[in-house]
>>> print(open('work.txt').read())   # compact mmCIF, C-alpha atoms
# COMPACT_ATOMS: atom_id res chain seq x y z
CA VAL A 29 13.23 18.81 8.98
CA GLY A 30 13.51 16.36 6.09
CA VAL A 31 16.23 16.49 3.48
CA ALA A 32 15.08 15.68 -0.06
CA CYS A 33 17.55 13.47 -1.92
CA PRO A 34 17.03 12.42 -5.54
CA CYS A 35 17.63 8.71 -6.08
CA ASP A 36 17.07 6.29 -8.94
CA CYS A 37 15.43 3.43 -7.08
CA ALA A 38 16.02 1.14 -10.04
CA ASP A 39 19.78 1.54 -9.49
CA ALA A 40 21.00 -0.57 -6.56
CA ASP A 41 24.27 1.37 -6.41
CA ALA A 42 22.38 4.67 -6.13
CA VAL A 43 20.26 3.24 -3.31
CA ALA A 44 23.37 2.01 -1.49
CA ALA A 45 25.01 5.42 -1.90
CA LEU A 46 21.99 7.14 -0.36
CA VAL A 47 21.99 4.79 2.64
CA ASP A 48 25.73 5.39 3.06
CA ARG A 49 25.17 9.15 2.95
CA VAL A 50 22.52 9.00 5.66
CA GLN A 51 24.78 6.85 7.85
CA LYS A 52 27.71 9.25 7.45
CA GLU A 53 25.70 12.44 7.95
CA GLN A 54 23.38 11.25 10.73
CA GLY A 55 25.44 8.52 12.36
CA ARG A 56 22.49 6.15 12.55
CA LEU A 57 19.51 4.77 10.62
CA ASP A 58 16.22 4.31 12.45
CA ALA A 59 13.76 3.53 9.67
CA VAL A 60 13.46 2.76 5.98
CA VAL A 61 10.29 2.90 3.90
CA ALA A 62 10.22 1.27 0.46
CA SER A 63 7.38 2.86 -1.49
CA ALA A 64 8.81 3.41 -4.99
CA PHE A 65 7.06 1.64 -7.86
CA SER A 66 7.58 1.96 -11.60
CA THR A 67 4.57 2.76 -13.77
CA PRO A 68 3.48 -0.44 -15.53
CA PRO A 69 2.77 -0.43 -19.27
CA ALA A 70 -0.84 0.06 -20.40
CA LEU A 71 -1.74 1.55 -17.03
CA ASP A 72 -4.02 4.11 -18.65
CA ASP A 73 -6.47 1.68 -20.22
CA ALA A 74 -8.18 -1.68 -19.76
CA ALA A 75 -5.12 -3.53 -21.14
CA PHE A 76 -3.62 -3.18 -17.66
CA ARG A 77 -6.18 -5.77 -16.55
CA ASP A 78 -5.77 -8.02 -19.59
CA ASP A 79 -4.84 -11.73 -19.64
CA PHE A 80 -1.23 -12.21 -18.58
CA TRP A 81 -0.24 -14.04 -21.76
CA LYS A 82 -1.17 -10.93 -23.73
CA GLN A 83 0.97 -8.64 -21.57
CA GLY A 84 4.33 -10.33 -21.95
CA LEU A 85 7.40 -9.91 -19.77
CA GLU A 86 7.22 -6.13 -19.93
CA MET A 87 4.42 -6.12 -17.36
CA TRP A 88 6.30 -8.58 -15.14
CA ASP A 89 9.48 -6.51 -15.23
CA ALA A 90 7.58 -3.30 -14.43
CA CYS A 91 5.77 -4.80 -11.44
CA HIS A 92 8.81 -6.64 -10.06
CA GLY A 93 11.64 -4.23 -10.84
CA VAL A 94 11.60 -1.12 -8.66
CA GLY A 95 8.71 -2.28 -6.47
CA LEU A 96 10.21 -5.64 -5.46
CA ARG A 97 13.85 -5.79 -6.51
CA GLY A 98 14.31 -2.18 -5.43
CA ALA A 99 12.89 -2.95 -1.99
CA TYR A 100 15.25 -5.90 -1.63
CA ALA A 101 18.19 -3.73 -2.73
CA LEU A 102 17.24 -1.19 -0.08
CA LEU A 103 17.19 -3.86 2.62
CA LEU A 104 20.57 -5.20 1.51
CA SER A 105 22.10 -1.76 1.93
CA ALA A 106 20.17 -0.60 4.99
CA ALA A 107 20.19 -3.73 7.19
CA PRO A 108 23.73 -3.28 8.60
CA SER A 109 23.00 0.32 9.61
CA LEU A 110 19.63 -0.60 11.11
CA VAL A 111 21.22 -3.41 13.13
CA GLU A 112 23.99 -1.07 14.28
CA THR A 113 21.41 1.45 15.51
CA ALA A 114 19.65 -1.29 17.46
CA GLU A 115 22.92 -2.46 19.01
CA LYS A 116 24.26 0.96 19.99
CA THR A 117 21.07 2.72 21.13
CA ASP A 118 17.84 1.90 22.92
CA ALA A 119 15.88 2.40 19.69
CA ARG A 120 14.14 -0.37 17.80
CA PRO A 121 14.46 0.44 14.07
CA LEU A 122 11.66 -0.28 11.62
CA VAL A 123 11.41 -1.42 8.00
CA VAL A 124 8.17 -0.59 6.15
CA LEU A 125 7.50 -2.11 2.73
CA VAL A 126 4.54 -0.49 1.01
CA SER A 127 2.42 -3.19 -0.63
CA SER A 128 -1.31 -3.51 -1.35
CA PHE A 129 -4.34 -5.75 -1.04
CA GLY A 130 -3.18 -7.20 -4.34
CA GLY A 131 -0.93 -9.39 -2.20
CA GLN A 132 -4.00 -11.11 -0.75
CA ALA A 133 -6.43 -11.42 -3.65
CA TYR A 134 -6.47 -11.07 -7.42
CA THR A 135 -6.07 -7.40 -8.36
CA PHE A 136 -5.53 -5.84 -11.81
CA ASN A 137 -3.36 -8.60 -13.34
CA VAL A 138 -1.19 -11.61 -12.55
CA ALA A 139 2.17 -9.82 -12.43
CA TYR A 140 0.87 -7.10 -10.11
CA GLY A 141 -0.53 -9.55 -7.56
CA VAL A 142 2.54 -11.77 -7.57
CA GLY A 143 4.74 -8.72 -6.97
CA LYS A 144 2.67 -7.56 -4.02
CA ALA A 145 2.50 -11.05 -2.51
CA ALA A 146 6.29 -11.27 -2.84
CA THR A 147 6.64 -7.89 -1.10
CA ASP A 148 4.57 -9.21 1.80
CA ARG A 149 6.75 -12.32 1.98
CA LEU A 150 9.89 -10.18 1.88
CA ALA A 151 8.68 -8.23 4.91
CA ALA A 152 7.71 -11.42 6.76
CA ASP A 153 10.94 -13.28 6.09
CA ALA A 154 13.15 -10.24 6.71
CA ALA A 155 11.39 -9.84 10.06
CA VAL A 156 12.51 -13.33 11.07
CA GLN A 157 16.18 -12.48 10.65
CA LEU A 158 16.08 -8.80 11.59
CA GLY A 159 13.99 -9.46 14.68
CA LYS A 160 16.89 -11.37 16.23
CA ARG A 161 18.93 -8.15 15.91
CA GLY A 162 16.33 -5.78 17.36
CA VAL A 163 14.85 -4.56 14.05
CA ASP A 164 11.22 -4.95 12.98
CA ALA A 165 9.64 -5.14 9.52
CA VAL A 166 6.04 -4.82 8.35
CA SER A 167 4.15 -4.67 5.08
CA LEU A 168 1.86 -1.64 4.76
CA TYR A 169 -1.43 -1.66 2.82
CA PRO A 170 -2.87 1.67 1.69
CA GLY A 171 -6.33 1.62 0.15
CA VAL A 172 -7.19 3.28 -3.14
CA VAL A 173 -4.76 6.21 -3.22
CA ALA A 174 -5.30 9.49 -5.05
CA THR A 175 -1.72 9.72 -6.28
CA GLU A 176 -0.71 12.32 -8.86
CA GLY A 177 -0.67 9.62 -11.53
CA ASN A 178 -4.12 8.29 -10.62
CA LEU A 179 -5.61 11.78 -10.49
CA GLU A 180 -4.16 12.50 -13.91
CA MET A 181 -5.72 9.30 -15.29
CA ASP A 182 -9.03 10.33 -13.78
CA ARG A 183 -8.74 13.79 -15.36
CA ARG A 184 -8.12 12.19 -18.77
CA GLY A 185 -11.05 9.82 -18.32
CA ASP A 186 -8.86 6.70 -18.19
CA TRP A 187 -9.18 5.81 -14.51
CA GLU A 188 -12.36 3.73 -14.68
CA ALA A 189 -11.03 1.41 -17.39
CA ALA A 190 -7.60 1.04 -15.78
CA SER A 191 -8.88 0.45 -12.24
CA GLY A 192 -11.98 -1.55 -13.03
CA GLY A 193 -14.26 1.14 -11.66
CA LEU A 194 -12.71 1.85 -8.25
CA ASP A 195 -13.97 5.05 -6.62
CA LEU A 196 -11.06 7.49 -6.63
CA SER A 197 -13.15 10.37 -5.29
CA ALA A 198 -13.05 8.77 -1.84
CA GLY A 199 -9.40 7.74 -2.17
CA GLU A 200 -6.70 8.22 0.42
CA THR A 201 -3.98 10.82 -0.02
CA PRO A 202 -0.35 9.62 -0.04
CA ARG A 203 0.20 11.50 3.21
CA PHE A 204 -2.30 9.20 4.95
CA SER A 205 0.22 6.38 4.53
CA GLY A 206 2.93 8.69 5.86
CA ARG A 207 0.88 9.30 8.96
CA ALA A 208 0.53 5.56 9.39
CA VAL A 209 4.31 5.16 9.28
CA ALA A 210 4.69 7.97 11.83
CA ALA A 211 2.18 6.24 14.10
CA LEU A 212 4.12 2.97 13.88
CA LEU A 213 7.44 4.68 14.64
CA GLN A 214 5.92 6.09 17.83
CA ARG A 215 4.94 2.58 18.98
CA PRO A 216 7.97 0.27 18.97
CA ASP A 217 6.28 -2.25 21.26
CA TYR A 218 3.41 -2.62 18.81
CA CYS A 219 5.84 -3.03 15.92
CA LYS A 220 7.81 -5.68 17.80
CA GLU A 221 4.65 -7.62 18.59
CA ASN A 222 3.42 -7.38 15.00
CA SER A 223 6.71 -7.63 13.13
CA GLY A 224 6.37 -9.59 9.89
CA SER A 225 2.68 -8.81 9.54
CA VAL A 226 0.51 -6.81 7.17
CA GLN A 227 -0.69 -3.48 8.55
CA VAL A 228 -3.59 -1.65 6.87
CA VAL A 229 -3.34 2.14 6.81
CA ALA A 230 -7.06 2.78 7.41
CA GLU A 231 -7.15 0.26 10.26
CA LEU A 232 -4.10 1.83 11.90
CA ALA A 233 -5.89 5.20 11.67
CA ALA A 234 -8.91 3.80 13.49
CA LYS A 235 -6.70 2.10 16.09
CA PHE A 236 -4.36 5.00 16.81
CA GLY A 237 -6.66 7.94 16.17
CA PHE A 238 -5.24 9.78 13.17
CA SER A 239 -6.98 10.96 10.01
CA ASP A 240 -6.15 11.86 6.45
CA VAL A 241 -4.96 15.41 5.75
CA ASP A 242 -8.50 16.61 5.03
CA GLY A 243 -9.83 15.17 8.28
CA ARG A 244 -11.50 12.18 6.64
CA ALA A 245 -11.20 8.63 7.94
CA PRO A 246 -11.25 6.48 4.77
CA PRO A 247 -12.57 2.95 5.36
CA SER A 248 -10.42 -0.13 5.08
CA ILE A 249 -10.88 -1.91 1.76
CA ARG A 250 -11.85 -5.07 3.65
CA SER A 251 -14.51 -3.29 5.74
CA LEU A 252 -18.25 -3.26 5.04
CA ARG A 253 -18.08 0.52 4.65
CA TYR A 254 -15.95 -0.03 1.53
CA LEU A 255 -17.16 -3.36 0.19
CA LEU A 256 -20.88 -2.63 0.25
CA PRO A 257 -20.97 0.51 -1.94
CA ASN A 258 -18.13 -0.49 -4.24
CA PHE A 259 -18.82 -4.18 -4.89
CA VAL A 260 -21.80 -5.73 -3.12
CA LEU A 261 -24.50 -3.05 -3.28
CA THR A 262 -23.57 -0.71 -6.10
CA ASP A 263 -26.25 1.63 -7.44
CA ALA A 264 -26.58 -0.55 -10.54
CA LYS A 265 -27.11 -3.72 -8.50
CA ILE A 266 -29.67 -2.01 -6.27
CA GLU A 267 -31.60 -0.72 -9.29
CA THR A 268 -31.78 -4.13 -10.97
CA GLY A 269 -31.83 -6.47 -8.00
CA PHE A 270 -34.38 -4.98 -5.59
CA PRO A 271 -38.00 -3.83 -5.87
CA GLU A 272 -38.48 -0.08 -5.91
CA TRP A 273 -40.05 0.08 -2.45
CA LEU A 274 -37.02 -1.65 -0.90
CA ARG A 275 -34.26 0.35 -2.63
CA PRO A 276 -34.19 3.29 -0.16
CA ARG A 277 -33.74 0.88 2.75
CA VAL A 278 -30.97 -1.00 0.94
CA ARG A 279 -29.17 2.25 0.16
CA ALA A 280 -29.50 3.38 3.78
CA PHE A 281 -28.03 0.08 4.98
CA ARG A 282 -25.23 0.32 2.42
CA ASP A 283 -24.30 3.88 3.32
CA ASP A 284 -24.36 3.32 7.08
CA PRO A 285 -23.64 -0.37 7.77
CA PRO A 286 -23.68 -1.69 11.33
>>> encode(input="work.txt", output="structure tokens")
Amino acid sequence: VGVACPCDCADADAVAALVDRVQKEQGRLDAVVASAFSTPPALDDAAFRDDFWKQGLEMWDACHGVGLRGAYALLLSAAPSLVETAEKTDARPLVVLVSSFGGQAYTFNVAYGVGKAATDRLAADAAVQLGKRGVDAVSLYPGVVATEGNLEMDRRGDWEAASGGLDLSAGETPRFSGRAVAALLQRPDYCKENSGSVQVVAELAAKFGFSDVDGRAPPSIRSLRYLLPNFVLTDAKIETGFPEWLRPRVRAFRDDPP
């Protein structure tokens, strides 16, 4: 049974106090997951995707504060307890830093992508040092997630402009990422072998046989099942780029790729 604990993830002292509480109450720390992220300015309109020189330092601070600095603060506080667990038990603790495909390719804006790339590097470099002490670290990539904030933007009619037209109706739930973390925690050998790497939620689901809470198996963003309908063969591109007689075949290929 989980114990909900309020914590200001922008406050390094509050994060340290929470880690200390867990250590005192439970006597060990087996896993930490850094998923907090502060809402960037202009998230509800196209300005979120504007040129970086028009966004100023406010966007940088939002994307690098809680999401990156907060994750580093968590590791600073949690690492000694994680190492102690590894030394005193037969467990192999795990660090999971929630990132995104923005760490691999341009997404939304400059500050966002740099922050996600830095999160990936934090997981990779932390894995080098923690791995010597029996602790693993990975970066976790959800896909498009139907968070409460994103659903609210969609309800207001702001989602398309803010996201650049990503399809939220087929988005993952936040619990899908939680199931991915649970799957990793059940497989310490896999985590050891892949420590320092990027792990994609949808690809872990296909590999380990779990689904989202509604039974769906959302495709990985880098799979043909996602790329074809959302970027390569959108309805608009099919209507303007193919003769009428060929469009049904193109749609069939798009909707059920090999």
>>> closest_atom_pairs(input="work.txt", of="range 161-242 of chain A", to="range 87-109 of chain A", cutoff="12 Å", atoms="all atoms listed in the file", output="tab-separated table")
residue	atom	partner	partner_atom	distance
A:Arg161	CA	A:Ala107	CA	9.9
A:Gly162	CA	A:Ala107	CA	11.1
A:Val163	CA	A:Ala107	CA	8.7
A:Asp164	CA	A:Ala107	CA	10.7
A:Ala165	CA	A:Leu103	CA	10.3
A:Ser167	CA	A:Ala99	CA	11.4
>>> closest_residue(input="work.txt", among="A:Gln214, A:Ser248, A:Asn222, A:Thr175", to="Ala234 in chain A", atoms="only C-alpha atoms")
A:Ser248
>>> residues_around(input="work.txt", residues="Pro202 in chain A", least_positions_apart="2", cutoff="8 Å", atoms="only C-alpha atoms", output="PyMOL selection string")
chain A and resi 173-175+200+204-206
>>> atom_distance(input="work.txt", atom1="CA of Ser251 in chain A", atom2="CA of Asp78 in chain A")
27.2 Å
>>> residues_around(input="work.txt", residues="Val47 in chain A", least_positions_apart="2", cutoff="12 Å", atoms="all atoms listed in the file", output="ChimeraX atom specification")
/A:33,35,37,40-45,49-61,101-110
>>> atom_distance(input="work.txt", atom1="CA of Ala32 in chain A", atom2="CA of Arg203 in chain A")
15.8 Å
>>> closest_residue(input="work.txt", among="A:Val138, A:Ala119, A:Leu196, A:Val260", to="Trp81 in chain A", atoms="all atoms listed in the file")
A:Val138
>>> atom_distance(input="work.txt", atom1="CA of Arg207 in chain A", atom2="CA of Asp48 in chain A")
25.8 Å
>>> residues_around(input="work.txt", residues="Val228 in chain A", least_positions_apart="4", cutoff="7 Å", atoms="all atoms listed in the file", output="number ranges by chain")
A: 168-170, 232
>>> residues_around(input="work.txt", residues="Cys219 in chain A", least_positions_apart="6", cutoff="9 Å", atoms="all atoms listed in the file", output="PDB file with C-alpha atoms, in the frame of the given file")
ATOM      1  CA  ARG A 120      14.140  -0.370  17.800  1.00  0.00           C
ATOM      2  CA  LEU A 122      11.660  -0.280  11.620  1.00  0.00           C
ATOM      3  CA  ASP A 164      11.220  -4.950  12.980  1.00  0.00           C
ATOM      4  CA  ALA A 165       9.640  -5.140   9.520  1.00  0.00           C
ATOM      5  CA  VAL A 166       6.040  -4.820   8.350  1.00  0.00           C
ATOM      6  CA  LEU A 212       4.120   2.970  13.880  1.00  0.00           C
ATOM      7  CA  LEU A 213       7.440   4.680  14.640  1.00  0.00           C
TER       8      LEU A 213
END
>>> residues_around(input="work.txt", residues="Ala151 in chain A", least_positions_apart="4", cutoff="9 Å", atoms="all atoms listed in the file", output="list in words")
Val123, Val124, Leu125, Ala146, Thr147, Ala155, Val156, Ala165, Val166, Ser167, Ser223, Gly224, Ser225 and Val226 of chain A
>>> closest_residue(input="work.txt", among="A:Val278, A:Ala230, A:Ala139, A:Ile249", to="Asp79 in chain A", atoms="all atoms listed in the file")
A:Ala139
>>> closest_residue(input="work.txt", among="A:Lys220, A:Tyr140, A:Asp73, A:Pro285", to="Glu86 in chain A", atoms="all atoms listed in the file")
A:Tyr140
>>> closest_atom_pairs(input="work.txt", of="range 46-114 of chain A", to="range 177-183 of chain A", cutoff="12 Å", atoms="all atoms listed in the file", output="JSON lines")
{"residue": "A:Phe65", "atom": "CA", "partner": "A:Gly177", "partner_atom": "CA", "distance": 11.7}
{"residue": "A:Ser66", "atom": "CA", "partner": "A:Gly177", "partner_atom": "CA", "distance": 11.3}
{"residue": "A:Thr67", "atom": "CA", "partner": "A:Gly177", "partner_atom": "CA", "distance": 8.9}
{"residue": "A:Pro68", "atom": "CA", "partner": "A:Gly177", "partner_atom": "CA", "distance": 11.6}
{"residue": "A:Ala70", "atom": "CA", "partner": "A:Met181", "partner_atom": "CA", "distance": 11.6}
{"residue": "A:Leu71", "atom": "CA", "partner": "A:Met181", "partner_atom": "CA", "distance": 8.9}
{"residue": "A:Asp72", "atom": "CA", "partner": "A:Met181", "partner_atom": "CA", "distance": 6.4}
{"residue": "A:Asp73", "atom": "CA", "partner": "A:Met181", "partner_atom": "CA", "distance": 9.1}
>>> write_last_selection(input="work.txt", atoms="C-alpha atoms", output="PDB file, in the coordinates of the input")
ATOM      1  CA  PHE A  65       7.060   1.640  -7.860  1.00  0.00           C
ATOM      2  CA  SER A  66       7.580   1.960 -11.600  1.00  0.00           C
ATOM      3  CA  THR A  67       4.570   2.760 -13.770  1.00  0.00           C
ATOM      4  CA  PRO A  68       3.480  -0.440 -15.530  1.00  0.00           C
ATOM      5  CA  ALA A  70      -0.840   0.060 -20.400  1.00  0.00           C
ATOM      6  CA  LEU A  71      -1.740   1.550 -17.030  1.00  0.00           C
ATOM      7  CA  ASP A  72      -4.020   4.110 -18.650  1.00  0.00           C
ATOM      8  CA  ASP A  73      -6.470   1.680 -20.220  1.00  0.00           C
TER       9      ASP A  73
END
